[in-house]
>>> print(open('final_15.txt').read())   # compact mmCIF, N, CA and C atoms
# COMPACT_ATOMS: atom_id res chain seq x y z
N MET A 40 -2.43 16.35 -4.39
CA MET A 40 -2.81 15.49 -3.29
C MET A 40 -4.23 15.86 -2.90
N HIS A 41 -5.05 14.86 -2.70
CA HIS A 41 -6.42 15.13 -2.32
C HIS A 41 -7.02 13.91 -1.65
N SER A 42 -8.13 14.12 -1.00
CA SER A 42 -8.90 13.01 -0.43
C SER A 42 -9.99 12.67 -1.43
N PRO A 43 -9.83 11.58 -2.17
CA PRO A 43 -10.78 11.28 -3.24
C PRO A 43 -12.17 10.95 -2.73
N ASP A 44 -13.15 11.36 -3.49
CA ASP A 44 -14.54 11.15 -3.12
C ASP A 44 -14.91 9.68 -3.02
N GLU A 45 -14.19 8.82 -3.74
CA GLU A 45 -14.58 7.41 -3.74
C GLU A 45 -14.27 6.70 -2.42
N PHE A 46 -13.56 7.37 -1.50
CA PHE A 46 -13.29 6.79 -0.20
C PHE A 46 -14.24 7.39 0.82
N SER A 47 -14.85 6.54 1.62
CA SER A 47 -15.67 7.05 2.71
C SER A 47 -14.89 6.88 4.00
N TYR A 48 -15.08 7.80 4.89
CA TYR A 48 -14.34 7.77 6.14
C TYR A 48 -15.11 6.93 7.16
N THR A 49 -15.20 5.65 6.86
CA THR A 49 -15.83 4.68 7.74
C THR A 49 -14.81 3.60 8.05
N GLN A 50 -15.19 2.69 8.88
CA GLN A 50 -14.34 1.55 9.24
C GLN A 50 -12.96 2.02 9.71
N GLY A 51 -12.92 3.13 10.45
CA GLY A 51 -11.69 3.60 11.06
C GLY A 51 -10.78 4.42 10.17
N VAL A 52 -11.20 4.72 8.94
CA VAL A 52 -10.36 5.51 8.04
C VAL A 52 -10.27 6.94 8.57
N LYS A 53 -9.02 7.41 8.75
CA LYS A 53 -8.77 8.74 9.27
C LYS A 53 -8.34 9.72 8.18
N LYS A 54 -7.57 9.23 7.21
CA LYS A 54 -7.06 10.12 6.16
C LYS A 54 -6.73 9.30 4.92
N VAL A 55 -7.00 9.87 3.77
CA VAL A 55 -6.67 9.26 2.48
C VAL A 55 -6.04 10.32 1.60
N ASP A 56 -4.88 10.01 1.06
CA ASP A 56 -4.25 10.87 0.07
C ASP A 56 -4.03 10.05 -1.19
N MET A 57 -4.29 10.65 -2.33
CA MET A 57 -4.13 9.95 -3.60
C MET A 57 -3.35 10.82 -4.56
N PHE A 58 -2.39 10.20 -5.20
CA PHE A 58 -1.59 10.87 -6.23
C PHE A 58 -1.85 10.12 -7.53
N THR A 59 -2.24 10.84 -8.56
CA THR A 59 -2.54 10.18 -9.83
C THR A 59 -1.70 10.78 -10.95
N LYS A 60 -1.46 9.96 -11.94
CA LYS A 60 -0.78 10.40 -13.16
C LYS A 60 -1.60 9.85 -14.32
N PRO A 61 -2.65 10.58 -14.71
CA PRO A 61 -3.56 10.09 -15.74
C PRO A 61 -2.87 9.71 -17.05
N SER A 62 -1.80 10.43 -17.41
CA SER A 62 -1.13 10.13 -18.67
C SER A 62 -0.52 8.73 -18.68
N GLU A 63 -0.24 8.20 -17.49
CA GLU A 63 0.32 6.84 -17.39
C GLU A 63 -0.68 5.86 -16.81
N ALA A 64 -1.86 6.34 -16.46
CA ALA A 64 -2.91 5.51 -15.86
C ALA A 64 -2.42 4.82 -14.59
N THR A 65 -1.73 5.59 -13.74
CA THR A 65 -1.23 5.05 -12.48
C THR A 65 -1.74 5.89 -11.32
N SER A 66 -1.80 5.29 -10.14
CA SER A 66 -2.16 6.04 -8.94
C SER A 66 -1.49 5.42 -7.73
N ILE A 67 -1.16 6.29 -6.77
CA ILE A 67 -0.63 5.88 -5.49
C ILE A 67 -1.59 6.41 -4.43
N THR A 68 -2.06 5.53 -3.57
CA THR A 68 -3.00 5.90 -2.52
C THR A 68 -2.39 5.56 -1.17
N ILE A 69 -2.52 6.47 -0.22
CA ILE A 69 -2.04 6.24 1.14
C ILE A 69 -3.26 6.37 2.06
N ILE A 70 -3.49 5.33 2.85
CA ILE A 70 -4.64 5.29 3.74
C ILE A 70 -4.15 5.11 5.17
N ALA A 71 -4.60 5.99 6.06
CA ALA A 71 -4.33 5.84 7.48
C ALA A 71 -5.65 5.49 8.16
N LYS A 72 -5.66 4.38 8.88
CA LYS A 72 -6.90 3.95 9.52
C LYS A 72 -6.60 3.20 10.81
N THR A 73 -7.61 3.11 11.64
CA THR A 73 -7.48 2.33 12.85
C THR A 73 -7.26 0.88 12.43
N SER A 74 -6.28 0.24 13.04
CA SER A 74 -5.94 -1.12 12.64
C SER A 74 -6.86 -2.16 13.26
N ILE A 75 -7.26 -3.13 12.46
CA ILE A 75 -8.00 -4.27 12.98
C ILE A 75 -7.03 -5.41 13.33
N TRP A 76 -5.75 -5.21 12.99
CA TRP A 76 -4.73 -6.22 13.27
C TRP A 76 -3.83 -5.74 14.39
N LYS A 77 -3.32 -6.69 15.19
CA LYS A 77 -2.47 -6.31 16.33
C LYS A 77 -1.07 -5.91 15.90
N ASP A 78 -0.60 -6.47 14.77
CA ASP A 78 0.75 -6.13 14.31
C ASP A 78 0.89 -6.44 12.82
N THR A 79 2.06 -6.10 12.28
CA THR A 79 2.30 -6.29 10.85
C THR A 79 2.27 -7.77 10.46
N ASN A 80 2.72 -8.66 11.34
CA ASN A 80 2.69 -10.09 11.03
C ASN A 80 1.27 -10.60 10.82
N GLU A 81 0.34 -10.10 11.61
CA GLU A 81 -1.06 -10.50 11.45
C GLU A 81 -1.61 -9.98 10.12
N ALA A 82 -1.29 -8.72 9.79
CA ALA A 82 -1.72 -8.16 8.50
C ALA A 82 -1.12 -8.97 7.35
N LYS A 83 0.14 -9.35 7.49
CA LYS A 83 0.83 -10.15 6.47
C LYS A 83 0.10 -11.47 6.23
N SER A 84 -0.28 -12.15 7.30
CA SER A 84 -0.99 -13.43 7.16
C SER A 84 -2.32 -13.26 6.44
N VAL A 85 -3.03 -12.18 6.77
CA VAL A 85 -4.33 -11.92 6.14
C VAL A 85 -4.14 -11.65 4.65
N TRP A 86 -3.15 -10.80 4.31
CA TRP A 86 -2.90 -10.47 2.90
C TRP A 86 -2.46 -11.71 2.13
N GLN A 87 -1.60 -12.54 2.73
CA GLN A 87 -1.14 -13.75 2.03
C GLN A 87 -2.32 -14.65 1.68
N GLU A 88 -3.28 -14.75 2.57
CA GLU A 88 -4.46 -15.57 2.31
C GLU A 88 -5.40 -14.88 1.31
N ALA A 89 -5.62 -13.59 1.49
CA ALA A 89 -6.56 -12.86 0.64
C ALA A 89 -6.10 -12.78 -0.81
N PHE A 90 -4.79 -12.68 -1.02
CA PHE A 90 -4.26 -12.52 -2.37
C PHE A 90 -3.51 -13.76 -2.85
N LYS A 91 -3.82 -14.89 -2.25
CA LYS A 91 -3.20 -16.17 -2.62
C LYS A 91 -3.32 -16.40 -4.12
N GLY A 92 -2.23 -16.74 -4.74
CA GLY A 92 -2.22 -17.00 -6.18
C GLY A 92 -1.93 -15.78 -7.03
N ALA A 93 -2.14 -14.58 -6.47
CA ALA A 93 -1.89 -13.35 -7.24
C ALA A 93 -0.57 -12.70 -6.85
N ILE A 94 0.00 -13.08 -5.71
CA ILE A 94 1.24 -12.47 -5.24
C ILE A 94 2.41 -12.97 -6.08
N THR A 95 3.13 -12.02 -6.69
CA THR A 95 4.30 -12.38 -7.49
C THR A 95 5.61 -12.08 -6.76
N ASN A 96 5.52 -11.25 -5.70
CA ASN A 96 6.71 -10.95 -4.90
C ASN A 96 6.24 -10.44 -3.54
N GLU A 97 6.96 -10.79 -2.50
CA GLU A 97 6.65 -10.26 -1.18
C GLU A 97 7.94 -9.97 -0.43
N THR A 98 7.90 -8.89 0.38
CA THR A 98 9.09 -8.42 1.07
C THR A 98 8.73 -7.93 2.46
N ASP A 99 9.52 -8.34 3.46
CA ASP A 99 9.41 -7.77 4.79
C ASP A 99 10.20 -6.47 4.76
N LEU A 100 9.61 -5.40 5.28
CA LEU A 100 10.24 -4.08 5.24
C LEU A 100 10.70 -3.66 6.63
N ASN A 101 11.72 -2.84 6.67
CA ASN A 101 12.14 -2.15 7.88
C ASN A 101 12.50 -0.74 7.44
N VAL A 102 11.60 0.20 7.70
CA VAL A 102 11.77 1.58 7.25
C VAL A 102 11.75 2.48 8.49
N ASN A 103 12.83 3.18 8.71
CA ASN A 103 12.92 4.06 9.88
C ASN A 103 12.53 3.33 11.17
N ASN A 104 13.04 2.10 11.30
CA ASN A 104 12.79 1.24 12.46
C ASN A 104 11.33 0.83 12.62
N LEU A 105 10.55 0.90 11.56
CA LEU A 105 9.17 0.45 11.55
C LEU A 105 9.07 -0.79 10.67
N LYS A 106 8.48 -1.85 11.21
CA LYS A 106 8.33 -3.08 10.44
C LYS A 106 7.11 -2.97 9.53
N GLY A 107 7.31 -3.41 8.30
CA GLY A 107 6.23 -3.38 7.32
C GLY A 107 6.27 -4.60 6.45
N TYR A 108 5.33 -4.67 5.54
CA TYR A 108 5.21 -5.80 4.63
C TYR A 108 4.74 -5.27 3.29
N GLU A 109 5.33 -5.78 2.20
CA GLU A 109 4.98 -5.31 0.86
C GLU A 109 4.77 -6.50 -0.06
N ILE A 110 3.76 -6.38 -0.91
CA ILE A 110 3.52 -7.41 -1.93
C ILE A 110 3.40 -6.74 -3.29
N THR A 111 3.79 -7.49 -4.31
CA THR A 111 3.49 -7.14 -5.69
C THR A 111 2.54 -8.23 -6.16
N ARG A 112 1.51 -7.83 -6.86
CA ARG A 112 0.55 -8.83 -7.33
C ARG A 112 0.09 -8.56 -8.75
N ASP A 113 -0.37 -9.59 -9.37
CA ASP A 113 -0.86 -9.53 -10.74
C ASP A 113 -2.22 -10.22 -10.75
N GLU A 114 -3.25 -9.43 -10.97
CA GLU A 114 -4.60 -9.97 -11.04
C GLU A 114 -5.18 -9.64 -12.41
N SER A 115 -5.37 -10.65 -13.19
CA SER A 115 -5.94 -10.51 -14.53
C SER A 115 -5.17 -9.50 -15.37
N GLY A 116 -3.84 -9.50 -15.24
CA GLY A 116 -3.01 -8.63 -16.06
C GLY A 116 -2.80 -7.23 -15.51
N THR A 117 -3.44 -6.90 -14.39
CA THR A 117 -3.24 -5.59 -13.76
C THR A 117 -2.26 -5.75 -12.61
N ASN A 118 -1.14 -5.04 -12.70
CA ASN A 118 -0.12 -5.11 -11.67
C ASN A 118 -0.37 -4.09 -10.59
N SER A 119 -0.06 -4.47 -9.35
CA SER A 119 -0.17 -3.53 -8.25
C SER A 119 0.82 -3.89 -7.16
N LYS A 120 1.11 -2.92 -6.32
CA LYS A 120 1.96 -3.11 -5.15
C LYS A 120 1.21 -2.56 -3.96
N MET A 121 1.38 -3.24 -2.84
CA MET A 121 0.77 -2.79 -1.59
C MET A 121 1.79 -2.94 -0.48
N ALA A 122 1.81 -1.96 0.41
CA ALA A 122 2.66 -2.04 1.59
C ALA A 122 1.82 -1.65 2.80
N ILE A 123 2.15 -2.24 3.94
CA ILE A 123 1.41 -1.91 5.16
C ILE A 123 2.36 -1.86 6.35
N PHE A 124 2.08 -0.92 7.23
CA PHE A 124 2.78 -0.78 8.50
C PHE A 124 1.70 -0.67 9.58
N ILE A 125 1.86 -1.40 10.67
CA ILE A 125 0.96 -1.28 11.81
C ILE A 125 1.77 -0.61 12.92
N VAL A 126 1.35 0.60 13.32
CA VAL A 126 2.09 1.38 14.30
C VAL A 126 1.11 1.96 15.32
N GLU A 127 1.28 1.58 16.58
CA GLU A 127 0.49 2.14 17.68
C GLU A 127 -1.01 2.15 17.38
N GLY A 128 -1.52 1.01 16.94
CA GLY A 128 -2.95 0.86 16.71
C GLY A 128 -3.47 1.43 15.40
N MET A 129 -2.57 1.96 14.58
CA MET A 129 -2.96 2.50 13.28
C MET A 129 -2.35 1.66 12.16
N ALA A 130 -3.11 1.48 11.09
CA ALA A 130 -2.61 0.81 9.89
C ALA A 130 -2.36 1.88 8.84
N TYR A 131 -1.16 1.86 8.28
CA TYR A 131 -0.79 2.77 7.21
C TYR A 131 -0.59 1.93 5.96
N GLU A 132 -1.52 2.05 5.03
CA GLU A 132 -1.51 1.22 3.82
C GLU A 132 -1.17 2.08 2.60
N PHE A 133 -0.26 1.57 1.81
CA PHE A 133 0.18 2.23 0.58
C PHE A 133 -0.21 1.33 -0.58
N ASP A 134 -0.93 1.85 -1.55
CA ASP A 134 -1.37 1.07 -2.71
C ASP A 134 -0.90 1.75 -3.98
N TYR A 135 -0.35 0.96 -4.87
CA TYR A 135 0.08 1.46 -6.17
C TYR A 135 -0.54 0.59 -7.24
N ILE A 136 -1.27 1.20 -8.14
CA ILE A 136 -1.92 0.46 -9.22
C ILE A 136 -1.48 1.03 -10.55
N GLY A 137 -0.98 0.15 -11.41
CA GLY A 137 -0.64 0.52 -12.78
C GLY A 137 -1.73 0.01 -13.68
N ALA A 138 -1.81 0.55 -14.85
CA ALA A 138 -2.81 0.06 -15.81
C ALA A 138 -2.47 -1.38 -16.16
N ASP A 139 -3.15 -1.91 -17.13
CA ASP A 139 -3.01 -3.33 -17.43
C ASP A 139 -1.85 -3.65 -18.36
N ASN A 140 -0.73 -2.94 -18.17
CA ASN A 140 0.46 -3.31 -18.95
C ASN A 140 1.72 -3.01 -18.14
N GLU A 141 2.78 -3.69 -18.46
CA GLU A 141 4.05 -3.59 -17.74
C GLU A 141 4.65 -2.19 -17.82
N THR A 142 4.54 -1.54 -18.98
CA THR A 142 5.11 -0.21 -19.15
C THR A 142 4.45 0.78 -18.21
N SER A 143 3.14 0.73 -18.11
CA SER A 143 2.41 1.63 -17.22
C SER A 143 2.80 1.37 -15.77
N PHE A 144 2.89 0.12 -15.39
CA PHE A 144 3.25 -0.21 -14.01
C PHE A 144 4.65 0.28 -13.67
N ASN A 145 5.60 0.08 -14.56
CA ASN A 145 6.99 0.48 -14.31
C ASN A 145 7.16 1.99 -14.27
N ALA A 146 6.23 2.73 -14.90
CA ALA A 146 6.37 4.18 -15.04
C ALA A 146 6.52 4.90 -13.70
N SER A 147 5.76 4.53 -12.71
CA SER A 147 5.80 5.24 -11.42
C SER A 147 6.18 4.34 -10.25
N GLU A 148 6.65 3.15 -10.53
CA GLU A 148 7.01 2.23 -9.45
C GLU A 148 8.12 2.80 -8.56
N ALA A 149 9.10 3.47 -9.14
CA ALA A 149 10.19 4.06 -8.35
C ALA A 149 9.66 5.14 -7.41
N ILE A 150 8.65 5.87 -7.83
CA ILE A 150 8.06 6.89 -6.96
C ILE A 150 7.37 6.22 -5.78
N PHE A 151 6.61 5.16 -6.05
CA PHE A 151 5.96 4.41 -4.98
C PHE A 151 7.01 3.89 -3.99
N ASP A 152 8.07 3.28 -4.51
CA ASP A 152 9.12 2.75 -3.64
C ASP A 152 9.72 3.85 -2.77
N HIS A 153 9.93 5.03 -3.36
CA HIS A 153 10.48 6.15 -2.59
C HIS A 153 9.52 6.59 -1.49
N VAL A 154 8.23 6.67 -1.79
CA VAL A 154 7.24 7.06 -0.80
C VAL A 154 7.23 6.06 0.36
N VAL A 155 7.20 4.78 0.05
CA VAL A 155 7.20 3.74 1.09
C VAL A 155 8.47 3.81 1.92
N ASN A 156 9.61 3.94 1.25
CA ASN A 156 10.90 3.95 1.96
C ASN A 156 11.17 5.25 2.70
N SER A 157 10.30 6.23 2.56
CA SER A 157 10.41 7.49 3.29
C SER A 157 9.43 7.55 4.46
N PHE A 158 8.64 6.52 4.63
CA PHE A 158 7.58 6.52 5.65
C PHE A 158 8.15 6.69 7.05
N ASN A 159 7.47 7.51 7.85
CA ASN A 159 7.85 7.70 9.23
C ASN A 159 6.63 8.18 10.00
N VAL A 160 6.55 7.82 11.27
CA VAL A 160 5.47 8.28 12.14
C VAL A 160 6.10 9.20 13.19
N LYS A 161 5.54 10.38 13.32
CA LYS A 161 6.08 11.33 14.30
C LYS A 161 5.19 11.44 15.50
>>> encode(input="final_15.txt", output="structure tokens")
Amino acid sequence: MHSPDEFSYTQGVKKVDMFTKPSEATSITIIAKTSIWKDTNEAKSVWQEAFKGAITNETDLNVNNLKGYEITRDESGTNSKMAIFIVEGMAYEFDYIGADNETSFNASEAIFDHVVNSFNVK
């Protein structure tokens, strides 16, 4: 776990953790930042518009009594999943990117799902 150099702590970013598995060309990134959205529904609307045409699946989440939103998307053959929770003015974003093939994406998808489904704010 580390805070990757490619992230700058601007625009309200408070913490970034990244887990990578180079052998599978996958990564899971968790970003905690000040939210620009008032709630998860607003974030959902923005994501639906921003990723229009690329979303292959979307799910409303309820994890530890926290409402969230998750999408799976395919952009030019690269699969990814994103989940977001807006809690007390903070946005907690989870990003999972697989390489440009189904096998790579499936390799760590269960780990991503476990991380998202374990989310809690103390």
>>> select_by_dssp(input="final_15.txt", residues="chain A", states="alpha helix (DSSP H)", output="list in words")
Thr79, Asn80, Glu81, Ala82, Lys83, Ser84, Val85, Trp86, Gln87, Glu88, Ala89, Glu141, Thr142, Ser143, Phe144, Asn145, Ala146, Ser147, Glu148, Ala149, Ile150, Phe151, Asp152, His153, Val154, Val155 and Asn156 of chain A
>>> closest_residue(input="final_15.txt", among="A:Ile67, A:Lys91, A:Thr73, A:Val160", to="A:Ala122", atoms="only C-alpha atoms")
A:Ile67
>>> closest_residue(input="final_15.txt", among="A:Leu105, A:Tyr135, A:Lys77, A:Glu114", to="A:Gly92", atoms="all atoms listed in the file")
A:Glu114
>>> atom_distance(input="final_15.txt", atom1="atom CA of A:Asp99", atom2="atom CA of A:Ala71")
19.5 Å
>>> atom_distance(input="final_15.txt", atom1="atom CA of A:Asn159", atom2="atom CA of A:Glu97")
20.8 Å
>>> residues_around(input="final_15.txt", residues="A:Tyr131", least_positions_apart="2", cutoff="7 Å", atoms="only N, CA and C atoms", output="list in words")
Ile69, Ile70, Ala71, Lys72, Ala122, Ile123, Phe124, Ile125, Val126, Met129 and Phe133 of chain A
>>> closest_residue(input="final_15.txt", among="A:Ala93, A:Val55, A:Val155, A:Ile150", to="A:Thr111", atoms="all atoms listed in the file")
A:Ala93
>>> select_by_dssp(input="final_15.txt", residues="stretch 73-117 of chain A", states="strand (DSSP E)", output="PyMOL selection string")
chain A and resi 73+94-102+105-114+117
>>> closest_residue(input="final_15.txt", among="A:Thr95, A:Glu148, A:Ala130, A:Thr79", to="A:Tyr108", atoms="only C-alpha atoms")
A:Thr79
>>> atom_distance(input="final_15.txt", atom1="atom C of A:Ser66", atom2="atom CA of A:Ser143")
10.9 Å
>>> closest_residue(input="final_15.txt", among="A:Asp134, A:Ser119, A:Asn104, A:Phe144", to="A:Phe158", atoms="all atoms listed in the file")
A:Asn104
>>> residues_around(input="final_15.txt", residues="A:Glu141", least_positions_apart="3", cutoff="8 Å", atoms="all atoms listed in the file", output="NGL selection string")
:A and (116-118 or 137-138 or 144-146)
>>> write_last_selection(input="final_15.txt", atoms="N, CA and C atoms", output="PDB file, in the frame of the given file")
ATOM      1  N   GLY A 116      -3.840  -9.500 -15.240  1.00  0.00           N
ATOM      2  CA  GLY A 116      -3.010  -8.630 -16.060  1.00  0.00           C
ATOM      3  C   GLY A 116      -2.800  -7.230 -15.510  1.00  0.00           C
ATOM      4  N   THR A 117      -3.440  -6.900 -14.390  1.00  0.00           N
ATOM      5  CA  THR A 117      -3.240  -5.590 -13.760  1.00  0.00           C
ATOM      6  C   THR A 117      -2.260  -5.750 -12.610  1.00  0.00           C
ATOM      7  N   ASN A 118      -1.140  -5.040 -12.700  1.00  0.00           N
ATOM      8  CA  ASN A 118      -0.120  -5.110 -11.670  1.00  0.00           C
ATOM      9  C   ASN A 118      -0.370  -4.090 -10.590  1.00  0.00           C
ATOM     10  N   GLY A 137      -0.980   0.150 -11.410  1.00  0.00           N
ATOM     11  CA  GLY A 137      -0.640   0.520 -12.780  1.00  0.00           C
ATOM     12  C   GLY A 137      -1.730   0.010 -13.680  1.00  0.00           C
ATOM     13  N   ALA A 138      -1.810   0.550 -14.850  1.00  0.00           N
ATOM     14  CA  ALA A 138      -2.810   0.060 -15.810  1.00  0.00           C
ATOM     15  C   ALA A 138      -2.470  -1.380 -16.160  1.00  0.00           C
ATOM     16  N   PHE A 144       2.890   0.120 -15.390  1.00  0.00           N
ATOM     17  CA  PHE A 144       3.250  -0.210 -14.010  1.00  0.00           C
ATOM     18  C   PHE A 144       4.650   0.280 -13.670  1.00  0.00           C
ATOM     19  N   ASN A 145       5.600   0.080 -14.560  1.00  0.00           N
ATOM     20  CA  ASN A 145       6.990   0.480 -14.310  1.00  0.00           C
ATOM     21  C   ASN A 145       7.160   1.990 -14.270  1.00  0.00           C
ATOM     22  N   ALA A 146       6.230   2.730 -14.900  1.00  0.00           N
ATOM     23  CA  ALA A 146       6.370   4.180 -15.040  1.00  0.00           C
ATOM     24  C   ALA A 146       6.520   4.900 -13.700  1.00  0.00           C
TER      25      ALA A 146
END
>>> axis_aligned_box(input="final_15.txt", around="stretch 105-111 of chain A", padding_each_side="5 Å", output="JSON")
{"center_x": 6.5, "center_y": -3.7, "center_z": 2.7, "size_x": 18.0, "size_y": 19.1, "size_z": 27.7}
>>> closest_residue(input="final_15.txt", among="A:Thr59, A:Lys54, A:Asn80, A:Gly128", to="A:Glu109", atoms="only C-alpha atoms")
A:Asn80
>>> decode(input="final_15.txt", residues="stretch 56-71 of chain A", atoms="N, CA, C and O atoms", output="CSV table (one decimal), in the first residue's frame")
chain,number,residue,atom,x,y,z
A,56,ASP,N,-4.5,5.5,-1.6
A,56,ASP,CA,-3.9,4.2,-1.5
A,56,ASP,C,-4.0,3.4,-2.7
A,56,ASP,O,-5.1,3.4,-3.3
A,57,MET,N,-3.0,2.8,-3.2
A,57,MET,CA,-3.0,2.0,-4.4
A,57,MET,C,-2.4,0.6,-4.2
A,57,MET,O,-1.4,0.5,-3.5
A,58,PHE,N,-3.2,-0.4,-4.7
A,58,PHE,CA,-2.7,-1.8,-4.6
A,58,PHE,C,-2.5,-2.2,-6.0
A,58,PHE,O,-3.4,-2.1,-6.8
A,59,THR,N,-1.4,-2.7,-6.4
A,59,THR,CA,-1.1,-3.2,-7.7
A,59,THR,C,-0.7,-4.6,-7.8
A,59,THR,O,-0.1,-5.2,-6.8
A,60,LYS,N,-1.0,-5.3,-8.9
A,60,LYS,CA,-0.5,-6.6,-9.1
A,60,LYS,C,0.0,-6.6,-10.5
A,60,LYS,O,-0.7,-6.9,-11.5
A,61,PRO,N,1.3,-6.3,-10.7
A,61,PRO,CA,1.9,-6.1,-12.0
A,61,PRO,C,1.8,-7.4,-12.8
A,61,PRO,O,1.7,-7.3,-14.0
A,62,SER,N,1.9,-8.6,-12.2
A,62,SER,CA,1.8,-9.8,-13.0
A,62,SER,C,0.5,-10.0,-13.7
A,62,SER,O,0.4,-10.7,-14.7
A,63,GLU,N,-0.6,-9.3,-13.2
A,63,GLU,CA,-1.9,-9.4,-13.9
A,63,GLU,C,-2.2,-8.0,-14.5
A,63,GLU,O,-3.3,-7.9,-15.1
A,64,ALA,N,-1.4,-7.0,-14.4
A,64,ALA,CA,-1.6,-5.7,-14.9
A,64,ALA,C,-2.9,-5.1,-14.4
A,64,ALA,O,-3.7,-4.5,-15.1
A,65,THR,N,-3.2,-5.3,-13.1
A,65,THR,CA,-4.3,-4.7,-12.4
A,65,THR,C,-4.0,-3.8,-11.3
A,65,THR,O,-2.9,-3.9,-10.7
A,66,SER,N,-4.9,-2.9,-11.0
A,66,SER,CA,-4.6,-2.0,-9.8
A,66,SER,C,-6.0,-1.6,-9.2
A,66,SER,O,-7.0,-1.5,-9.9
A,67,ILE,N,-5.9,-1.4,-7.9
A,67,ILE,CA,-7.1,-0.9,-7.1
A,67,ILE,C,-6.6,0.3,-6.4
A,67,ILE,O,-5.6,0.3,-5.8
A,68,THR,N,-7.3,1.4,-6.6
A,68,THR,CA,-7.0,2.7,-6.0
A,68,THR,C,-8.1,3.2,-5.2
A,68,THR,O,-9.3,3.1,-5.6
A,69,ILE,N,-7.8,3.7,-4.0
A,69,ILE,CA,-8.8,4.2,-3.1
A,69,ILE,C,-8.5,5.7,-2.9
A,69,ILE,O,-7.3,6.0,-2.4
A,70,ILE,N,-9.4,6.6,-3.1
A,70,ILE,CA,-9.1,8.0,-3.0
A,70,ILE,C,-10.2,8.6,-2.0
A,70,ILE,O,-11.4,8.4,-2.2
A,71,ALA,N,-9.7,9.3,-1.0
A,71,ALA,CA,-10.5,10.0,-0.1
A,71,ALA,C,-10.3,11.5,-0.3
A,71,ALA,O,-9.2,12.0,-0.3
